[in-house]
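What follows is run_15.csv (CSV, C-alpha atoms and all ligand atoms).
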chain,number,residue,atom,x,y,z
A,947,MET,CA,26.2,26.7,84.2
A,948,LEU,CA,24.5,23.3,84.3
A,949,THR,CA,20.8,23.1,83.5
A,950,GLN,CA,18.5,20.3,84.4
A,951,LEU,CA,18.8,17.2,82.3
A,952,GLN,CA,16.1,14.7,81.7
A,953,THR,CA,15.7,11.6,79.5
A,954,GLU,CA,13.5,8.6,80.2
A,955,GLN,CA,16.3,6.8,82.1
A,956,LEU,CA,18.3,9.7,83.4
A,957,LYS,CA,17.3,12.8,85.3
A,958,ILE,CA,19.5,15.4,87.0
A,959,GLU,CA,17.8,17.8,89.4
A,960,TYR,CA,19.0,20.6,91.7
A,961,LEU,CA,17.7,20.2,95.2
A,962,GLN,CA,16.8,23.8,95.2
A,963,PRO,CA,16.1,25.9,92.1
A,964,LEU,CA,19.2,27.8,91.1
A,965,GLU,CA,17.4,31.2,91.4
A,966,THR,CA,16.7,30.4,95.0
A,967,VAL,CA,20.2,29.4,95.6
A,968,ASN,CA,21.5,32.6,94.0
A,969,LYS,CA,19.2,34.7,96.1
A,970,LEU,CA,20.5,33.0,99.2
A,971,ASN,CA,24.1,33.6,98.2
A,972,ASN,CA,24.9,35.6,101.3
A,973,SER,CA,23.5,33.2,103.7
A,974,LEU,CA,25.1,30.4,101.8
A,975,GLY,CA,28.5,31.7,102.8
A,976,GLN,CA,27.4,32.1,106.4
A,977,ASP,CA,29.4,28.9,107.3
A,978,VAL,CA,32.6,30.4,105.8
A,979,LYS,CA,32.0,33.6,107.8
A,980,GLU,CA,31.4,31.8,111.0
A,981,GLY,CA,34.4,29.5,110.4
A,982,LEU,CA,36.9,32.2,109.7
A,983,THR,CA,35.8,34.5,112.5
A,984,GLN,CA,36.2,31.8,115.2
A,985,CYS,CA,39.4,30.7,116.9
A,986,PRO,CA,41.0,28.4,115.7
A,987,LYS,CA,39.8,29.3,112.2
A,988,LYS,CA,38.0,26.7,110.1
A,989,ILE,CA,36.6,26.2,106.6
A,990,PRO,CA,33.9,23.5,106.0
A,991,SER,CA,35.3,20.6,104.0
A,992,LYS,CA,32.5,20.7,101.4
A,993,TYR,CA,34.4,23.7,99.9
A,994,PHE,CA,37.1,21.3,98.6
A,995,TYR,CA,34.7,20.3,95.9
A,996,ASP,CA,34.5,22.6,92.9
A,997,ASP,CA,35.2,20.9,89.5
A,998,GLN,CA,39.0,21.2,90.1
A,999,GLY,CA,38.7,19.8,93.6
A,1000,SER,CA,36.7,16.8,92.4
A,1001,GLN,CA,39.3,16.1,89.8
A,1002,LEU,CA,42.1,16.4,92.4
A,1003,PHE,CA,40.2,14.0,94.7
A,1004,GLU,CA,40.1,11.5,91.8
A,1005,GLN,CA,43.9,11.7,91.6
A,1006,ILE,CA,44.2,11.3,95.4
A,1007,CYS,CA,42.3,8.0,95.1
A,1008,GLU,CA,45.0,6.7,92.7
A,1009,LEU,CA,48.0,7.6,94.9
A,1010,PRO,CA,50.1,4.7,96.3
A,1011,GLU,CA,49.9,6.1,99.8
A,1012,TYR,CA,46.1,6.7,99.8
A,1013,TYR,CA,44.9,3.2,100.9
A,1014,PRO,CA,41.2,4.0,101.7
A,1015,THR,CA,39.8,4.0,98.2
A,1016,ARG,CA,41.7,0.8,97.2
A,1017,THR,CA,40.8,-1.0,100.4
A,1018,GLU,CA,37.1,-0.1,100.3
A,1019,ALA,CA,37.0,-1.1,96.6
A,1020,SER,CA,38.6,-4.5,97.5
A,1021,ILE,CA,35.9,-5.1,100.1
A,1022,LEU,CA,33.1,-4.2,97.6
A,1023,ARG,CA,34.7,-6.4,95.0
A,1024,GLN,CA,34.5,-9.3,97.4
A,1025,TYR,CA,31.1,-8.6,99.1
A,1026,ALA,CA,28.9,-6.6,96.7
A,1027,GLU,CA,27.0,-9.6,95.6
A,1028,GLU,CA,26.3,-10.6,99.2
A,1029,ILE,CA,25.1,-7.1,100.0
A,1030,ALA,CA,22.8,-7.2,97.0
A,1031,GLN,CA,21.5,-10.6,98.1
A,1032,ILE,CA,20.8,-9.4,101.6
A,1033,THR,CA,19.0,-6.2,100.6
A,1034,GLY,CA,17.2,-7.5,97.5
A,1035,ASN,CA,16.3,-5.0,94.8
A,1036,CYS,CA,16.0,-1.6,96.3
A,1037,GLU,CA,16.4,2.0,95.4
A,1038,LEU,CA,20.1,2.8,95.8
A,1039,VAL,CA,20.8,6.3,97.1
A,1040,GLU,CA,24.4,7.5,97.4
A,1041,LEU,CA,25.5,10.5,99.4
A,1042,GLY,CA,28.6,12.2,98.1
A,1043,SER,CA,28.8,10.0,95.0
A,1044,GLY,CA,31.6,11.9,93.3
A,1045,SER,CA,32.7,9.9,90.2
A,1046,SER,CA,30.7,6.8,91.3
A,1047,THR,CA,33.8,4.7,90.5
A,1048,LYS,CA,33.6,2.3,93.4
A,1049,THR,CA,29.8,2.4,93.2
A,1050,ARG,CA,30.1,0.4,89.9
A,1051,LEU,CA,31.1,-2.6,92.0
A,1052,LEU,CA,27.7,-2.4,93.8
A,1053,LEU,CA,25.8,-1.5,90.6
A,1054,ASP,CA,27.3,-4.6,88.9
A,1055,ALA,CA,25.9,-6.8,91.6
A,1056,TYR,CA,22.4,-5.3,91.5
A,1057,ASP,CA,22.5,-5.4,87.7
A,1058,GLN,CA,23.2,-9.2,87.8
A,1059,GLN,CA,20.3,-9.8,90.2
A,1060,ASN,CA,17.6,-7.5,88.7
A,1061,ASP,CA,16.1,-6.6,85.4
A,1062,LEU,CA,15.6,-3.0,86.4
A,1063,PHE,CA,17.1,-1.0,89.2
A,1064,LYS,CA,17.4,2.6,90.4
A,1065,TYR,CA,20.4,4.7,91.5
A,1066,MET,CA,20.2,8.2,93.0
A,1067,PRO,CA,23.7,9.8,93.2
A,1068,ILE,CA,23.7,13.0,95.3
A,1069,ASP,CA,26.6,15.4,95.3
A,1070,VAL,CA,27.4,19.1,95.9
A,1071,SER,CA,29.7,19.1,92.9
A,1072,ALA,CA,27.5,19.4,89.9
A,1073,GLY,CA,30.0,18.8,87.2
A,1074,ILE,CA,31.3,15.4,88.3
A,1075,LEU,CA,27.7,14.3,89.2
A,1076,LYS,CA,26.4,15.0,85.8
A,1077,GLU,CA,29.4,13.6,84.0
A,1078,SER,CA,29.4,10.3,85.9
A,1079,ALA,CA,25.6,9.9,85.6
A,1080,ILE,CA,25.8,10.2,81.8
A,1081,GLN,CA,28.6,7.6,81.7
A,1082,LEU,CA,26.6,5.2,84.0
A,1083,GLN,CA,23.6,5.5,81.8
A,1084,GLN,CA,25.7,4.3,78.8
A,1085,GLU,CA,27.2,1.4,80.8
A,1086,TYR,CA,24.0,0.0,82.4
A,1087,SER,CA,20.9,-0.3,80.2
A,1088,SER,CA,18.7,-1.5,83.0
A,1089,LEU,CA,19.6,1.4,85.3
A,1090,LYS,CA,17.3,4.3,86.1
A,1091,ILE,CA,19.3,7.3,87.4
A,1092,GLN,CA,18.0,10.2,89.3
A,1093,GLY,CA,20.9,12.5,90.2
A,1094,LEU,CA,20.5,15.3,92.8
A,1095,VAL,CA,22.8,18.2,93.1
A,1096,GLY,CA,23.0,19.5,96.6
A,1097,THR,CA,24.3,18.9,100.1
A,1098,TYR,CA,23.7,15.9,102.4
A,1099,ASP,CA,21.5,18.2,104.5
A,1100,GLN,CA,19.4,19.3,101.5
A,1101,ALA,CA,19.1,15.7,100.3
A,1102,LEU,CA,18.1,14.3,103.7
A,1103,THR,CA,15.4,16.9,104.2
A,1104,GLN,CA,14.1,16.9,100.6
A,1105,LEU,CA,14.2,13.2,99.7
A,1106,LYS,CA,10.7,11.9,98.9
A,1107,SER,CA,9.5,8.5,99.9
A,1108,THR,CA,10.4,5.8,97.4
A,1109,SER,CA,8.0,3.9,95.2
A,1110,TRP,CA,10.4,0.9,95.3
A,1111,SER,CA,9.9,-1.8,97.8
A,1112,ALA,CA,12.9,-0.6,99.9
A,1113,ARG,CA,15.8,1.8,99.8
A,1114,MET,CA,19.4,1.6,100.7
A,1115,ILE,CA,21.3,4.8,101.5
A,1116,PHE,CA,25.0,4.4,101.2
A,1117,PHE,CA,27.8,6.7,102.3
A,1118,LEU,CA,31.2,5.5,101.1
A,1119,GLY,CA,34.8,6.8,101.4
A,1120,SER,CA,34.6,7.3,105.1
A,1121,SER,CA,33.2,10.7,104.4
A,1122,ILE,CA,31.4,10.3,107.7
A,1123,GLY,CA,34.8,10.8,109.3
A,1124,ASN,CA,34.7,14.5,108.2
A,1125,PHE,CA,31.9,15.2,110.7
A,1126,SER,CA,32.5,16.4,114.3
A,1127,GLU,CA,30.9,14.2,117.0
A,1128,THR,CA,27.8,16.5,117.1
A,1129,ASP,CA,27.5,16.5,113.3
A,1130,TYR,CA,28.0,12.7,113.2
A,1131,ASP,CA,25.2,12.3,115.7
A,1132,ASN,CA,22.8,14.7,113.8
A,1133,PHE,CA,23.6,13.1,110.5
A,1134,LEU,CA,22.7,9.6,111.8
A,1135,ASN,CA,19.5,11.0,113.3
A,1136,LYS,CA,18.6,12.3,109.8
A,1137,ILE,CA,19.4,9.0,108.1
A,1138,ALA,CA,17.3,7.2,110.7
A,1139,LYS,CA,14.4,9.6,110.1
A,1140,VAL,CA,14.5,9.3,106.3
A,1141,LEU,CA,14.7,5.5,106.3
A,1142,GLU,CA,11.5,3.4,106.7
A,1143,LYS,CA,11.4,0.2,108.7
A,1144,GLY,CA,13.3,-2.5,106.7
A,1145,ASP,CA,15.3,0.0,104.6
A,1146,TYR,CA,19.1,-0.3,104.6
A,1147,PHE,CA,22.1,2.0,105.4
A,1148,LEU,CA,25.6,1.0,104.2
A,1149,LEU,CA,28.4,3.0,105.8
A,1150,GLY,CA,32.1,3.0,104.9
A,1151,VAL,CA,34.4,3.7,107.8
A,1152,ASP,CA,38.2,4.1,107.9
A,1153,LEU,CA,39.6,2.2,110.9
A,1154,GLN,CA,42.2,3.2,113.5
A,1155,LYS,CA,45.7,2.2,112.5
A,1156,PRO,CA,49.4,3.3,113.0
A,1157,ARG,CA,50.2,7.0,112.7
A,1158,SER,CA,52.8,6.4,110.0
A,1159,ILE,CA,50.3,4.9,107.6
A,1160,LEU,CA,47.7,7.6,108.2
A,1161,GLU,CA,50.0,10.6,107.9
A,1162,ALA,CA,51.6,9.2,104.7
A,1163,ALA,CA,48.1,8.9,103.2
A,1164,TYR,CA,47.4,12.6,103.7
A,1165,ASN,CA,50.9,13.9,103.0
A,1166,ASP,CA,51.6,12.2,99.7
A,1167,SER,CA,55.0,12.5,98.0
A,1168,GLN,CA,53.6,13.9,94.8
A,1169,GLY,CA,51.9,16.8,96.6
A,1170,VAL,CA,48.4,16.1,95.2
A,1171,THR,CA,46.8,16.3,98.7
A,1172,ALA,CA,48.5,19.7,99.2
A,1173,ALA,CA,47.1,20.9,95.9
A,1174,PHE,CA,43.6,19.6,96.9
A,1175,ASN,CA,43.8,21.4,100.2
A,1176,LEU,CA,45.0,24.7,98.6
A,1177,ASN,CA,42.4,24.5,95.9
A,1178,MET,CA,39.8,25.2,98.5
A,1179,LEU,CA,41.2,28.8,98.7
A,1180,SER,CA,40.7,29.2,94.9
A,1181,HIS,CA,37.2,27.9,95.2
A,1182,LEU,CA,36.4,30.4,98.0
A,1183,ASN,CA,38.1,33.2,96.0
A,1184,HIS,CA,35.8,32.4,93.0
A,1185,LYS,CA,32.6,31.8,95.0
A,1186,PHE,CA,32.8,34.8,97.4
A,1187,GLN,CA,35.2,37.2,95.5
A,1188,GLY,CA,38.0,36.6,98.0
A,1189,ASN,CA,41.7,37.4,97.6
A,1190,PHE,CA,43.6,34.4,99.1
A,1191,ASP,CA,47.1,34.1,97.6
A,1192,LEU,CA,47.7,30.4,97.4
A,1193,ASN,CA,51.5,30.9,97.6
A,1194,CYS,CA,51.1,32.3,101.1
A,1195,PHE,CA,49.8,29.0,102.6
A,1196,LYS,CA,51.3,25.6,103.3
A,1197,HIS,CA,49.5,22.2,103.5
A,1198,GLN,CA,49.8,20.2,106.8
A,1199,ALA,CA,48.2,17.0,107.9
A,1200,ILE,CA,48.8,15.5,111.3
A,1201,TYR,CA,47.3,12.6,113.2
A,1202,ASN,CA,45.7,13.6,116.5
A,1203,GLU,CA,46.1,10.3,118.4
A,1204,GLU,CA,43.9,11.3,121.3
A,1205,LYS,CA,41.0,12.2,119.1
A,1206,HIS,CA,41.7,9.4,116.5
A,1207,GLN,CA,41.6,11.9,113.7
A,1208,ILE,CA,43.7,13.3,110.9
A,1209,GLU,CA,43.6,17.1,111.0
A,1210,MET,CA,44.3,18.9,107.8
A,1211,TYR,CA,45.3,22.6,107.9
A,1212,LEU,CA,46.4,25.4,105.7
A,1213,GLU,CA,49.1,27.4,107.5
A,1214,SER,CA,49.6,31.0,106.8
A,1215,GLU,CA,53.2,31.7,105.9
A,1216,THR,CA,52.9,35.4,106.4
A,1217,GLU,CA,50.8,37.9,108.4
A,1218,GLN,CA,48.0,38.7,106.0
A,1219,ARG,CA,44.6,40.2,105.5
A,1220,ILE,CA,42.0,38.5,103.4
A,1221,THR,CA,38.8,40.1,102.1
A,1222,PHE,CA,35.7,38.5,100.6
A,1223,LYS,CA,33.6,41.1,98.7
A,1224,ASN,CA,30.5,38.9,98.5
A,1225,LEU,CA,30.6,38.2,102.2
A,1226,ASP,CA,31.4,41.6,103.5
A,1227,LEU,CA,34.2,39.9,105.4
A,1228,THR,CA,37.8,40.8,106.3
A,1229,VAL,CA,40.0,38.3,108.1
A,1230,ASN,CA,43.4,38.8,109.6
A,1231,LEU,CA,45.9,36.0,109.8
A,1232,GLU,CA,49.0,35.8,111.9
A,1233,ARG,CA,52.2,34.3,110.5
A,1234,LYS,CA,52.0,30.5,111.2
A,1235,GLU,CA,48.3,30.7,112.0
A,1236,LYS,CA,46.5,27.6,110.9
A,1237,ILE,CA,43.1,27.2,109.3
A,1238,LEU,CA,41.5,23.8,109.9
A,1239,THR,CA,40.1,22.5,106.6
A,1240,GLU,CA,39.2,18.9,107.4
A,1241,ILE,CA,39.1,16.3,110.1
A,1242,SER,CA,39.1,12.7,109.1
A,1243,ARG,CA,38.1,10.5,112.1
A,1244,LYS,CA,39.3,7.0,112.3
A,1245,PHE,CA,36.8,4.5,113.7
A,1246,ASP,CA,36.5,1.4,115.9
A,1247,VAL,CA,34.0,-1.2,114.5
A,1248,GLU,CA,32.4,-2.1,117.8
A,1249,GLN,CA,31.9,1.5,118.9
A,1250,THR,CA,30.4,2.4,115.5
A,1251,LYS,CA,28.0,-0.6,115.6
A,1252,HIS,CA,26.9,0.5,119.0
A,1253,LYS,CA,26.4,4.1,117.8
A,1254,LEU,CA,24.3,2.9,114.8
A,1255,ALA,CA,22.2,0.6,116.9
A,1256,SER,CA,21.5,3.5,119.3
A,1257,LYS,CA,19.8,5.2,116.3
A,1258,GLN,CA,17.7,2.2,115.5
A,1259,LEU,CA,20.0,1.3,112.6
A,1260,LYS,CA,20.6,-2.3,113.4
A,1261,PRO,CA,24.0,-3.7,112.2
A,1262,VAL,CA,23.3,-6.7,109.9
A,1263,LYS,CA,26.8,-7.5,108.8
A,1264,VAL,CA,30.3,-6.0,108.8
A,1265,PHE,CA,32.5,-6.5,105.8
A,1266,THR,CA,36.2,-5.8,106.1
A,1267,ASP,CA,39.6,-6.4,104.5
A,1268,LYS,CA,42.4,-8.7,105.6
A,1269,ASN,CA,44.3,-6.0,107.4
A,1270,GLN,CA,41.1,-4.6,109.0
A,1271,TRP,CA,42.0,-1.1,107.7
A,1272,PHE,CA,38.5,-0.3,106.5
A,1273,ALA,CA,35.0,-1.6,107.1
A,1274,LEU,CA,31.6,-1.5,105.4
A,1275,ILE,CA,28.8,-1.7,107.9
A,1276,LEU,CA,25.4,-2.8,106.6
A,1277,CYS,CA,22.5,-1.8,108.8
A,1278,GLN,CA,18.8,-2.1,108.7
A,1279,ALA,CA,16.3,0.5,110.0
A,1280,CYS,CA,14.3,-1.2,112.7
A,1281,LYS,CA,12.2,1.7,114.2
F,1301,LIG,C1,35.8,12.2,99.8
F,1301,LIG,S1,34.8,12.3,98.3
F,1301,LIG,C2,34.2,10.7,98.3
F,1301,LIG,C3,33.7,10.3,96.9
F,1301,LIG,C4,33.2,8.9,96.8
F,1301,LIG,N1,32.0,8.7,97.6
F,1301,LIG,C5,34.3,7.9,97.2
F,1301,LIG,O1,34.1,7.2,98.2
F,1301,LIG,O2,35.3,7.9,96.5
F,1301,LIG,C6,33.4,13.2,99.0
F,1301,LIG,C7,32.4,13.5,97.9
F,1301,LIG,O3,31.3,14.1,98.6
F,1301,LIG,C8,30.9,15.3,98.0
F,1301,LIG,N2,30.6,16.2,99.2
F,1301,LIG,C9,31.4,16.7,100.1
F,1301,LIG,N3,30.7,17.4,101.0
F,1301,LIG,C10,29.4,17.3,100.6
F,1301,LIG,C11,28.2,17.8,101.2
F,1301,LIG,N4,28.1,18.5,102.3
F,1301,LIG,N5,27.0,17.5,100.6
F,1301,LIG,C12,27.0,16.7,99.4
F,1301,LIG,N6,28.1,16.2,98.8
F,1301,LIG,C13,29.3,16.5,99.5
F,1301,LIG,C14,32.1,15.8,97.3
F,1301,LIG,O4,31.8,16.6,96.2
F,1301,LIG,C15,32.8,14.5,96.9
F,1301,LIG,O5,32.3,14.0,95.6
Take the structure in this file and express it as structure tokens.
Amino acid sequence: MLTQLQTEQLKIEYLQPLETVNKLNNSLGQDVKEGLTQCPKKIPSKYFYDDQGSQLFEQICELPEYYPTRTEASILRQYAEEIAQITGNCELVELGSGSSTKTRLLLDAYDQQNDLFKYMPIDVSAGILKESAIQLQQEYSSLKIQGLVGTYDQALTQLKSTSWSARMIFFLGSSIGNFSETDYDNFLNKIAKVLEKGDYFLLGVDLQKPRSILEAAYNDSQGVTAAFNLNMLSHLNHKFQGNFDLNCFKHQAIYNEEKHQIEMYLESETEQRITFKNLDLTVNLERKEKILTEISRKFDVEQTKHKLASKQLKPVKVFTDKNQWFALILCQACK
């Protein structure tokens, strides 16, 4: 198990002490319990990310069909300097930082413009957060890193005010597309609350496009996305002493055109009963019954700008690629 890590330039902290987390183990699985006892059944997508899930996501980013990472990276490559010029030196806070690979494009721009700058990666997956923070420390001598292990919610409620002149929170990879409309709204309220007037928010959103491109991206020919989806069951088995048999489920990803969202499911191939010793939970599944594991909403730039503005997050500039497949929206808190 990871312990806290601290040097002068690098600090990794858990948003809650591990003892507290362990004591709350039962209530931690409450979301799994609720999801698997409702109809249709659901599992929150944060459970994709144990160490294995984080590694599989890295492989997904390299797949020929998975355009979002490449496209967002191309936008950052072109516009990171402009973003850094607009915001000036500020504390960089990344939600769901993962391997921080694309982030390096932003860090390079801030590195060029400043003698010293600060980055706070935040991720629920402790292993990848620690590994990437250590690598970044070796790559950027003028970077101060404070990594936080925990969820977006924990981070947005526990983030202290910054001693830097301003802060930019950024949320890449269109991870915002994994939220339902209500969670999207609540999340933006929390962002707006945490930011002070003049602070920035940089949001990556995957844009609406033809079904064939979207479905290919989530049903890759090498089966990596399927392995990523199924790995969620291993993670739950491990975390809550469950007995999912991965061979009894099939990956599915379909585009719901009406809702503008990819829906990712695990379909039960047999009638089966699953138990979780740690959750005091038994779940019955019909043959062909589906568990929803992720939605990935696809956005419209104007509607998103309007939504952000309604939260006092004033859009400053939109950066996009030549196909308009992905957008980065830079906003400034104006409350
Ligand atoms: C889709 S990946 C994106 C990674 C990276 N930002 C990118 O754009 O390539 C989502 C990342 O967010 C993390 N994550 C997922 N749900 C989370 C949550 N509720 N709180 C904190 N981190 C979360 C995962 O561990 C993973 O590293």
Pick out the residues no farther than 9 Å from ligand LIG 1301 (chain F), counting all atoms listed in the file, and list them as a PDB file with C-alpha atoms, keeping the file's coordinate frame.
ATOM      1  CA  PRO A 990      33.900  23.500 106.000  1.00  0.00           C
ATOM      2  CA  SER A 991      35.300  20.600 104.000  1.00  0.00           C
ATOM      3  CA  LYS A 992      32.500  20.700 101.400  1.00  0.00           C
ATOM      4  CA  TYR A 993      34.400  23.700  99.900  1.00  0.00           C
ATOM      5  CA  PHE A 994      37.100  21.300  98.600  1.00  0.00           C
ATOM      6  CA  TYR A 995      34.700  20.300  95.900  1.00  0.00           C
ATOM      7  CA  ASP A 996      34.500  22.600  92.900  1.00  0.00           C
ATOM      8  CA  ASP A 997      35.200  20.900  89.500  1.00  0.00           C
ATOM      9  CA  GLY A 999      38.700  19.800  93.600  1.00  0.00           C
ATOM     10  CA  SER A1000      36.700  16.800  92.400  1.00  0.00           C
ATOM     11  CA  PHE A1003      40.200  14.000  94.700  1.00  0.00           C
ATOM     12  CA  GLU A1004      40.100  11.500  91.800  1.00  0.00           C
ATOM     13  CA  CYS A1007      42.300   8.000  95.100  1.00  0.00           C
ATOM     14  CA  PRO A1014      41.200   4.000 101.700  1.00  0.00           C
ATOM     15  CA  THR A1015      39.800   4.000  98.200  1.00  0.00           C
ATOM     16  CA  GLU A1018      37.100  -0.100 100.300  1.00  0.00           C
ATOM     17  CA  ALA A1019      37.000  -1.100  96.600  1.00  0.00           C
ATOM     18  CA  GLU A1040      24.400   7.500  97.400  1.00  0.00           C
ATOM     19  CA  LEU A1041      25.500  10.500  99.400  1.00  0.00           C
ATOM     20  CA  GLY A1042      28.600  12.200  98.100  1.00  0.00           C
ATOM     21  CA  SER A1043      28.800  10.000  95.000  1.00  0.00           C
ATOM     22  CA  GLY A1044      31.600  11.900  93.300  1.00  0.00           C
ATOM     23  CA  SER A1045      32.700   9.900  90.200  1.00  0.00           C
ATOM     24  CA  SER A1046      30.700   6.800  91.300  1.00  0.00           C
ATOM     25  CA  THR A1047      33.800   4.700  90.500  1.00  0.00           C
ATOM     26  CA  LYS A1048      33.600   2.300  93.400  1.00  0.00           C
ATOM     27  CA  THR A1049      29.800   2.400  93.200  1.00  0.00           C
ATOM     28  CA  ILE A1068      23.700  13.000  95.300  1.00  0.00           C
ATOM     29  CA  ASP A1069      26.600  15.400  95.300  1.00  0.00           C
ATOM     30  CA  VAL A1070      27.400  19.100  95.900  1.00  0.00           C
ATOM     31  CA  SER A1071      29.700  19.100  92.900  1.00  0.00           C
ATOM     32  CA  ALA A1072      27.500  19.400  89.900  1.00  0.00           C
ATOM     33  CA  ILE A1074      31.300  15.400  88.300  1.00  0.00           C
ATOM     34  CA  LEU A1075      27.700  14.300  89.200  1.00  0.00           C
ATOM     35  CA  VAL A1095      22.800  18.200  93.100  1.00  0.00           C
ATOM     36  CA  GLY A1096      23.000  19.500  96.600  1.00  0.00           C
ATOM     37  CA  THR A1097      24.300  18.900 100.100  1.00  0.00           C
ATOM     38  CA  TYR A1098      23.700  15.900 102.400  1.00  0.00           C
ATOM     39  CA  ASP A1099      21.500  18.200 104.500  1.00  0.00           C
ATOM     40  CA  GLN A1100      19.400  19.300 101.500  1.00  0.00           C
ATOM     41  CA  ALA A1101      19.100  15.700 100.300  1.00  0.00           C
ATOM     42  CA  PHE A1116      25.000   4.400 101.200  1.00  0.00           C
ATOM     43  CA  PHE A1117      27.800   6.700 102.300  1.00  0.00           C
ATOM     44  CA  LEU A1118      31.200   5.500 101.100  1.00  0.00           C
ATOM     45  CA  GLY A1119      34.800   6.800 101.400  1.00  0.00           C
ATOM     46  CA  SER A1120      34.600   7.300 105.100  1.00  0.00           C
ATOM     47  CA  SER A1121      33.200  10.700 104.400  1.00  0.00           C
ATOM     48  CA  ASN A1124      34.700  14.500 108.200  1.00  0.00           C
ATOM     49  CA  GLY A1150      32.100   3.000 104.900  1.00  0.00           C
TER      50      GLY A1150
END
inquiry  = Residues within 12 Å of range 1272-1275 of chain A, please, as a VMD selection string. Count only C-alpha atoms; anything in the same chain fewer than 3 positions from it doesn't count.
reply    = chain A and resid 1013 to 1026 1029 1115 to 1120 1146 to 1155 1244 to 1255 1259 to 1269 1278
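You can rank A:Asn1224, A:Gln1005, A:Asn1189, A:Thr1108 by their closest distance to Gln1168 in chain A using only C-alpha atoms, and at the top of that list sits A:Gln1005.
Here CA of Gln998 in chain A and CA of Asn1177 in chain A stand 7.5 Å from one another.
The gap separating CA of Gln1083 in chain A from CA of Gln955 in chain A is 7.4 Å, in Å to one decimal.
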Min atom-atom distance to Gln1258 in chain A from the set A:Glu1203, A:Asp1166, A:Glu959, A:Glu1142, counting only C-alpha atoms, belongs to A:Glu1142
Pick out the residues sitting within 12 Å of Lys1185 in chain A, and hand them over as an MDAnalysis selection string; count all atoms listed in the file, and ignore anything fewer than 3 positions along from it in its own chain. chainID A and resid 968 971:972 974:975 978 993:996 1178:1182 1188:1189 1222:1225
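The nearest approach to Lys1236 in chain A among the residues A:Ile1159, A:Val1140, A:Met1210, A:Leu961, with only C-alpha atoms taken into account, belongs to A:Met1210.
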With only C-alpha atoms as the counted atoms, please give the residues lying no more than 12 Å from Arg1233 in chain A, apart from itself and same-chain residues fewer than 2 positions off, as a PDB file with C-alpha atoms, keeping the file's coordinate frame.
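Wrote it out as around.pdb, contents follow:
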ATOM      1  CA  CYS A1194      51.100  32.300 101.100  1.00  0.00           C
ATOM      2  CA  PHE A1195      49.800  29.000 102.600  1.00  0.00           C
ATOM      3  CA  LYS A1196      51.300  25.600 103.300  1.00  0.00           C
ATOM      4  CA  LEU A1212      46.400  25.400 105.700  1.00  0.00           C
ATOM      5  CA  GLU A1213      49.100  27.400 107.500  1.00  0.00           C
ATOM      6  CA  SER A1214      49.600  31.000 106.800  1.00  0.00           C
ATOM      7  CA  GLU A1215      53.200  31.700 105.900  1.00  0.00           C
ATOM      8  CA  THR A1216      52.900  35.400 106.400  1.00  0.00           C
ATOM      9  CA  GLU A1217      50.800  37.900 108.400  1.00  0.00           C
ATOM     10  CA  GLN A1218      48.000  38.700 106.000  1.00  0.00           C
ATOM     11  CA  ARG A1219      44.600  40.200 105.500  1.00  0.00           C
ATOM     12  CA  ASN A1230      43.400  38.800 109.600  1.00  0.00           C
ATOM     13  CA  LEU A1231      45.900  36.000 109.800  1.00  0.00           C
ATOM     14  CA  GLU A1235      48.300  30.700 112.000  1.00  0.00           C
ATOM     15  CA  LYS A1236      46.500  27.600 110.900  1.00  0.00           C
ATOM     16  CA  ILE A1237      43.100  27.200 109.300  1.00  0.00           C
TER      17      ILE A1237
END
Computed gap from CA of Leu1227 in chain A to CA of Phe1186 in chain A is 9.6 Å
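Here the question is which of A:Gln1187, A:Leu1062, A:Ala1112, A:Gln1198 gets nearest to Gly1169 in chain A using only C-alpha atoms, and that residue is A:Gln1198.
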